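I have placed the structure first, in the form of structure tokens, so that the comments after it can refer back to it.
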Amino acid sequence: MLSNLSGIGVAMLGGDQRNLLVMQRLVELGATVKVVGLPVPESDRVVVYEDIEHALQGVRALLLPVPGTDEEGKLHAVYAKDPLYLKPQHLAQLKPGTPVLVGVAKSYLRKMAERYKLALLEVMEIDEVAILNSIPSAEGAILLAMQNMPITIHGSQCVVTGFGRTAMTLARMLKALGAHTTVVARNPAQRARAWEIGHQVADLGQLPAVLGRADFVFNTIPALVLNRDVLQCMKPGTLIVDLASSPGGTDFSCAESLGIKAILAPGLPGRYSPRTAGEILADVIPRLLIEAISS
């Protein structure tokens, strides 16, 4: 197995501050990084391209931004002057089996990777990354809540829907701040774990009753759980922070009509803690690349 990335060509398309930290780590390990859409100077191991087609020629791996692409192939690229689109003809240049690393892949990218037999790896689905990334996610959610409400978290009624990796960290932080926290989850094992560590718990079927007394609602379920029937049970002035991937789990237009403020807030680590989030990725991605290229 490779011990470093010396002599390995890696393409990096678009991204944000997190990708700059990952690029720096790849270069330290000897990789040659071909970059599109990032504000970096050229060097002996960093080559800047204006177009994706030329950047992908001869590379052994492709690294995409954490949010990946939308369903039209548009890349998340905060520094690019013009929109960047990852097209089928671009991926067709890559050899079958080429590792393609992305945070979360939408169906567009999944279909393209399958069509061209590429090794798609969703980094945010790996426990090591997701658990560590839950920390800046939870802190960002709490910051948003504090910025958008005239009351303290301490003493408030907080509801967390779901109890996955981000929800676990978030519920723990809310409880530490003095909130009365209720975890709502379908899975009985998740409810048991939430109760064991000191939270109130409820099944999804009890959601309307639970939300009737909530001040803050933090949704982590990527499905429409906060629909009209549920929202009508909430009091005006309640704040929803929806952490689920777009389009979230909230009927936002209905919430607005009921006087309930709802914020769709995916990708909080990249917005509020980009250095920490980037360091997490920079610690993991090089190893994943080495493993994928060596296999």
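Residue names in the structure tokens use chain letters A, B, ... in the order shown, residue numbers from 1 in each chain, and ligand numbers from 1 in the order shown.
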(request) Identify, with DSSP run on backbone atoms, the residues in segment 150-271 of chain A assigned to strand (DSSP E or B), and express the list as a list in words. (result)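 Strand (DSSP E or B) members of segment 150-271 of chain A, listed: Gln157, Cys158, Val159, Val160, Thr161, His180, Thr181, Thr182, Val183, Val184, Gln200, Val201, Ala202, Phe216, Val217, Phe218, Asn219, Leu226, Leu239, Ile240, Val241, Asp242, Thr250, Lys261, Ala262, Ile263 and Leu264 of chain A.
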Residue contacts of Tyr85 of chain A (12 Å, only C-alpha atoms) excluding same-chain residues fewer than 3 positions away, as an mmCIF file with C-alpha atoms, in the first residue's frame:
```cif
data_model
loop_
_atom_site.group_PDB
_atom_site.id
_atom_site.type_symbol
_atom_site.label_atom_id
_atom_site.label_comp_id
_atom_site.auth_asym_id
_atom_site.auth_seq_id
_atom_site.Cartn_x
_atom_site.Cartn_y
_atom_site.Cartn_z
ATOM 1 C CA LEU A 13 -13.089 21.086 -8.525
ATOM 2 C CA GLY A 14 -14.758 24.014 -6.774
ATOM 3 C CA VAL A 36 -10.485 24.581 -10.850
ATOM 4 C CA GLY A 37 -12.424 27.290 -9.015
ATOM 5 C CA ASP A 51 -11.782 24.439 -17.421
ATOM 6 C CA ILE A 52 -12.695 21.080 -15.961
ATOM 7 C CA GLU A 53 -11.955 19.047 -19.083
ATOM 8 C CA LEU A 64 -15.436 17.321 -5.193
ATOM 9 C CA GLY A 68 -21.114 18.021 -4.399
ATOM 10 C CA THR A 69 -23.377 19.049 -7.276
ATOM 11 C CA ASP A 70 -27.015 19.922 -7.694
ATOM 12 C CA GLU A 71 -29.249 17.880 -9.987
ATOM 13 C CA GLU A 72 -28.006 19.802 -13.033
ATOM 14 C CA GLY A 73 -24.376 19.119 -12.234
ATOM 15 C CA LYS A 74 -23.625 22.580 -10.836
ATOM 16 C CA LEU A 75 -20.754 22.373 -8.370
ATOM 17 C CA HIS A 76 -20.590 24.151 -5.026
ATOM 18 C CA ALA A 77 -17.839 26.656 -5.820
ATOM 19 C CA ALA A 80 -15.415 30.644 -8.842
ATOM 20 C CA ASP A 82 -18.634 31.710 -13.128
ATOM 21 C CA PRO A 88 -21.120 13.598 -18.203
ATOM 22 C CA GLN A 89 -18.389 14.094 -20.790
ATOM 23 C CA HIS A 90 -16.047 15.216 -18.023
ATOM 24 C CA LEU A 91 -16.541 12.066 -15.966
ATOM 25 C CA TYR A 108 -27.152 13.238 -10.543
ATOM 26 C CA LEU A 109 -23.669 12.343 -9.371
#
```
(request) Excluding Leu207 of chain A and residues on its chain fewer than 5 positions from it, collect all residues at most 8 Å away from it, counting only C-alpha atoms, and give them as a PyMOL selection string. (result) chain A and resi 184+202+230
(request) Skip Ala92 of chain A itself and residues of its chain fewer than 4 positions away, then list as a count of residues only all residues within 9 Å of it, counting only C-alpha atoms. (result) 6
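Distances here use only C-alpha atoms; by that measure, the residue among A:Met12, A:Leu132, A:Leu264, A:Leu144 closest to Leu86 of chain A is A:Met12.
Secondary structure from DSSP on the backbone puts alpha helix (DSSP H) at the following positions of segment 39-90 of chain A: Ile52, Glu53, His54, Ala55, Pro88, Gln89 and His90 of chain A.
Of the listed residues (A:Gly162, A:Pro41, A:Pro236, A:Gly198), A:Gly162 comes nearest to Val183 of chain A; the distances count only C-alpha atoms.
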(message) What's around Ala31 of chain A at 9 Å? Count only C-alpha atoms, leave out sequence neighbours fewer than 2 positions away in its own chain, and write the answer as a list in words.
(response)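 The residues that qualify are Asn4, Leu5, Ser6, Gly7, Ile8, Gly9, Val10, Arg25, Leu26, Val27, Glu28, Leu29, Val33, Arg45 and Val46 of chain A.
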Output file for the residues above (N, CA and C atoms, as a tab-separated table (two decimals), in the first residue's frame):
```
chain	number	residue	atom	x	y	z
A	4	ASN	N	2.26	7.45	0.99
A	4	ASN	CA	1.96	8.86	0.75
A	4	ASN	C	1.41	9.00	-0.66
A	5	LEU	N	1.23	10.21	-1.10
A	5	LEU	CA	0.64	10.46	-2.41
A	5	LEU	C	1.65	10.99	-3.42
A	6	SER	N	2.89	10.69	-3.21
A	6	SER	CA	3.95	11.19	-4.09
A	6	SER	C	3.71	10.75	-5.53
A	7	GLY	N	3.68	11.74	-6.44
A	7	GLY	CA	3.51	11.45	-7.85
A	7	GLY	C	2.08	11.20	-8.29
A	8	ILE	N	1.11	11.29	-7.37
A	8	ILE	CA	-0.29	11.03	-7.70
A	8	ILE	C	-0.97	12.33	-8.10
A	9	GLY	N	-1.65	12.31	-9.24
A	9	GLY	CA	-2.40	13.47	-9.70
A	9	GLY	C	-3.84	13.43	-9.20
A	10	VAL	N	-4.27	14.50	-8.55
A	10	VAL	CA	-5.61	14.59	-7.99
A	10	VAL	C	-6.26	15.87	-8.52
A	25	ARG	N	-2.94	19.78	2.57
A	25	ARG	CA	-2.49	18.50	3.12
A	25	ARG	C	-2.09	17.52	2.01
A	26	LEU	N	-2.82	17.51	0.91
A	26	LEU	CA	-2.47	16.63	-0.20
A	26	LEU	C	-1.10	16.99	-0.77
A	27	VAL	N	-0.86	18.28	-0.89
A	27	VAL	CA	0.44	18.73	-1.40
A	27	VAL	C	1.56	18.33	-0.45
A	28	GLU	N	1.34	18.45	0.85
A	28	GLU	CA	2.34	18.05	1.84
A	28	GLU	C	2.69	16.57	1.71
A	29	LEU	N	1.72	15.78	1.25
A	29	LEU	CA	1.93	14.34	1.10
A	29	LEU	C	2.46	13.97	-0.28
A	33	VAL	N	-1.87	18.53	-7.40
A	33	VAL	CA	-3.30	18.86	-7.34
A	33	VAL	C	-3.64	19.79	-8.50
A	45	ARG	N	3.52	21.79	-7.35
A	45	ARG	CA	2.56	20.71	-7.10
A	45	ARG	C	1.11	21.17	-7.17
A	46	VAL	N	0.89	22.42	-7.53
A	46	VAL	CA	-0.47	22.93	-7.70
A	46	VAL	C	-0.58	23.56	-9.08
```
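For the residues A:Arg165, A:Ile142, A:Gly270, A:Glu114, ranking by smallest atom-to-atom distance to Pro67 of chain A using only C-alpha atoms places A:Gly270 first.
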